[in-house]
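A.B. asks: I am attaching a structure below and will ask some questions about it afterwards.
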Amino acid sequence: MPKNKIHKGLAKRVRVSKTGKVRHRTAYHKHLSSHKSGKRLRQLRADRRVSSSEAKRFEKLLFRRLRGRNQPRTSLRRSPSPEQRRAMRAEKAAANKE
């Protein structure tokens, strides 16, 4: 079965934080800034977060779970730490012996 490939164009334009939020750069900031006001340029300088509906669309392109603006942190499943894995294996082994 073939592997899923991420959308390279989107992957180059966004960064996913550890908490699963997507950061992206706003449009209209790269050039032609001489006629734009200072306030507008300052606001464009800030990295933006993606809304939930956009994050849902990005999930399909990046093949991974993401968080939008109004999704709780608990919506992401975290991988267990090595200590938690050992504890889970020990519990499973104890349950199998009984």
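By convention here, the chains of the structure tokens are called A, B, ... in the order presented, each chain's residues are numbered starting at 1, and ligands are numbered starting at 1 in the order presented.
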Set the distance at 6 Å and use only C-alpha atoms: which residues neighbour region 59-67 of chain A once local chain neighbours fewer than 2 positions away are removed? I'd like the list as a list in words.
C.D. replies: Ile6, His7, Gly20, Lys21, Lys56, Arg57 and Gln71 of chain A
A.B. asks: Okay, now the selection with N, CA and C atoms, as a PDB file, in the first residue's frame?
C.D. replies:
```pdb
ATOM      1  N   ILE A   6       2.448  14.266   2.169  1.00  0.00           N
ATOM      2  CA  ILE A   6       1.931  15.553   2.597  1.00  0.00           C
ATOM      3  C   ILE A   6       1.963  16.522   1.441  1.00  0.00           C
ATOM      4  N   HIS A   7       1.154  17.559   1.516  1.00  0.00           N
ATOM      5  CA  HIS A   7       1.112  18.585   0.486  1.00  0.00           C
ATOM      6  C   HIS A   7       2.311  19.502   0.693  1.00  0.00           C
ATOM      7  N   GLY A  20      -0.163  21.694  18.380  1.00  0.00           N
ATOM      8  CA  GLY A  20      -0.990  21.354  17.232  1.00  0.00           C
ATOM      9  C   GLY A  20      -1.623  22.542  16.548  1.00  0.00           C
ATOM     10  N   LYS A  21      -1.308  23.760  17.000  1.00  0.00           N
ATOM     11  CA  LYS A  21      -1.845  24.938  16.330  1.00  0.00           C
ATOM     12  C   LYS A  21      -1.008  25.236  15.092  1.00  0.00           C
ATOM     13  N   LYS A  56      -9.143  22.017   9.833  1.00  0.00           N
ATOM     14  CA  LYS A  56      -9.753  20.771   9.380  1.00  0.00           C
ATOM     15  C   LYS A  56      -9.346  20.472   7.940  1.00  0.00           C
ATOM     16  N   ARG A  57      -9.301  21.512   7.109  1.00  0.00           N
ATOM     17  CA  ARG A  57      -8.886  21.349   5.717  1.00  0.00           C
ATOM     18  C   ARG A  57      -7.405  21.001   5.626  1.00  0.00           C
ATOM     19  N   GLN A  71     -10.517  24.888  19.505  1.00  0.00           N
ATOM     20  CA  GLN A  71     -10.507  23.487  19.914  1.00  0.00           C
ATOM     21  C   GLN A  71      -9.663  23.356  21.170  1.00  0.00           C
TER      22      GLN A  71
END
```
A.B. asks: Enumerate, as a tab-separated table (two decimals) with N, CA and C atoms, in the first residue's frame, the complete set of residues in region 11-87 of chain A that a backbone-based DSSP assignment places in strand (DSSP E).
C.D. replies:
```tsv
chain	number	residue	atom	x	y	z
A	14	VAL	N	3.36	26.77	6.24
A	14	VAL	CA	2.83	26.76	7.60
A	14	VAL	C	3.80	26.06	8.54
A	15	ARG	N	3.69	26.39	9.82
A	15	ARG	CA	4.44	25.70	10.87
A	15	ARG	C	3.45	25.21	11.90
A	16	VAL	N	3.60	23.99	12.33
A	16	VAL	CA	2.72	23.42	13.33
A	16	VAL	C	3.43	23.45	14.67
A	22	VAL	N	-1.65	25.81	14.09
A	22	VAL	CA	-0.97	26.09	12.82
A	22	VAL	C	-0.69	27.58	12.72
A	23	ARG	N	0.59	27.92	12.51
A	23	ARG	CA	1.00	29.30	12.31
A	23	ARG	C	1.25	29.52	10.83
A	24	HIS	N	0.87	30.70	10.34
A	24	HIS	CA	1.11	31.02	8.94
A	24	HIS	C	1.37	32.52	8.81
A	48	ARG	N	-0.03	34.59	12.23
A	48	ARG	CA	-1.44	34.32	12.50
A	48	ARG	C	-1.66	32.85	12.81
A	49	ARG	N	-2.72	32.58	13.54
A	49	ARG	CA	-3.14	31.21	13.82
A	49	ARG	C	-4.28	30.87	12.87
```
A.B. asks: Quote the spacing between CA of Ala55 (chain A) and CA of Ser17 (chain A) in Å to one decimal place.
C.D. replies: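 About the pair CA of Ala55 (chain A) and CA of Ser17 (chain A): they are 12.6 Å apart.
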A.B. asks: So, with only C-alpha atoms as the atoms that count, which of A:Gln84, A:Ser52, A:Thr19, A:Thr26 lies closest to Arg40 (chain A)?
C.D. replies: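 Of the candidates, the smallest distance to Arg40 (chain A) is held by A:Thr26.
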A.B. asks: Name the residues of chain A that come out as alpha helix (DSSP H) in a backbone DSSP run; write them as a VMD selection string.
C.D. replies: chain A and resid 8 to 13 38 to 45 52 to 62 82 to 97
A.B. asks: So that I can see what lies close to Leu41 (chain A), please list as an MDAnalysis selection string the residues with an atom at most 12 Å from it, counting only C-alpha atoms and leaving out residues fewer than 2 positions away in the same chain.
C.D. replies: chainID A and resid 26:39 43:46
A.B. asks: Could you write those residues out with N, CA and C atoms, as a short mmCIF file (atom, residue, chain, number, x, y, z; two decimals), in the first residue's frame?
C.D. replies:
```cif
data_model
loop_
_atom_site.label_atom_id
_atom_site.label_comp_id
_atom_site.auth_asym_id
_atom_site.auth_seq_id
_atom_site.Cartn_x
_atom_site.Cartn_y
_atom_site.Cartn_z
N THR A 26 0.73 36.19 7.04
CA THR A 26 -0.37 36.85 6.37
C THR A 26 0.02 37.26 4.95
N ALA A 27 -0.98 37.43 4.12
CA ALA A 27 -0.75 37.89 2.75
C ALA A 27 -0.53 39.41 2.76
N TYR A 28 -0.08 39.94 1.65
CA TYR A 28 0.11 41.38 1.43
C TYR A 28 1.23 41.98 2.26
N HIS A 29 2.24 41.22 2.65
CA HIS A 29 3.30 41.77 3.48
C HIS A 29 4.66 41.78 2.79
N LYS A 30 4.85 40.99 1.76
CA LYS A 30 6.18 40.81 1.18
C LYS A 30 6.72 42.05 0.45
N HIS A 31 5.89 42.71 -0.34
CA HIS A 31 6.39 43.83 -1.13
C HIS A 31 5.30 44.88 -1.30
N LEU A 32 5.63 45.96 -2.00
CA LEU A 32 4.71 47.09 -2.20
C LEU A 32 4.23 47.66 -0.86
N SER A 33 5.17 47.84 0.07
CA SER A 33 4.78 48.28 1.41
C SER A 33 4.86 49.80 1.58
N SER A 34 5.35 50.51 0.57
CA SER A 34 5.55 51.96 0.75
C SER A 34 4.22 52.71 0.89
N HIS A 35 3.16 52.23 0.27
CA HIS A 35 1.89 52.94 0.37
C HIS A 35 1.01 52.42 1.52
N LYS A 36 1.46 51.39 2.22
CA LYS A 36 0.69 50.85 3.35
C LYS A 36 1.08 51.58 4.62
N SER A 37 0.12 51.77 5.50
CA SER A 37 0.39 52.51 6.74
C SER A 37 1.24 51.66 7.69
N GLY A 38 1.89 52.32 8.62
CA GLY A 38 2.72 51.63 9.60
C GLY A 38 1.91 50.67 10.45
N LYS A 39 0.70 51.08 10.80
CA LYS A 39 -0.17 50.23 11.62
C LYS A 39 -0.50 48.94 10.87
N GLN A 43 0.59 45.08 11.91
CA GLN A 43 -0.39 44.00 12.08
C GLN A 43 -0.10 42.83 11.15
N LEU A 44 0.41 43.11 9.98
CA LEU A 44 0.74 42.04 9.04
C LEU A 44 1.98 41.27 9.47
N ARG A 45 2.84 41.93 10.28
CA ARG A 45 4.09 41.30 10.71
C ARG A 45 3.85 40.12 11.64
N ALA A 46 2.78 40.16 12.39
CA ALA A 46 2.51 39.11 13.37
C ALA A 46 2.11 37.81 12.67
#
```
A.B. asks: In Å, rounded to a single decimal, give me how far CA of Gly68 (chain A) is from CA of Ser53 (chain A).
C.D. replies: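 Those two atoms sit 7.3 Å apart.
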A.B. asks: In Å, how far is it from CA of Gly9 (chain A) to CA of Asp47 (chain A)?
C.D. replies: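 Between CA of Gly9 (chain A) and CA of Asp47 (chain A) the gap is 18.1 Å.
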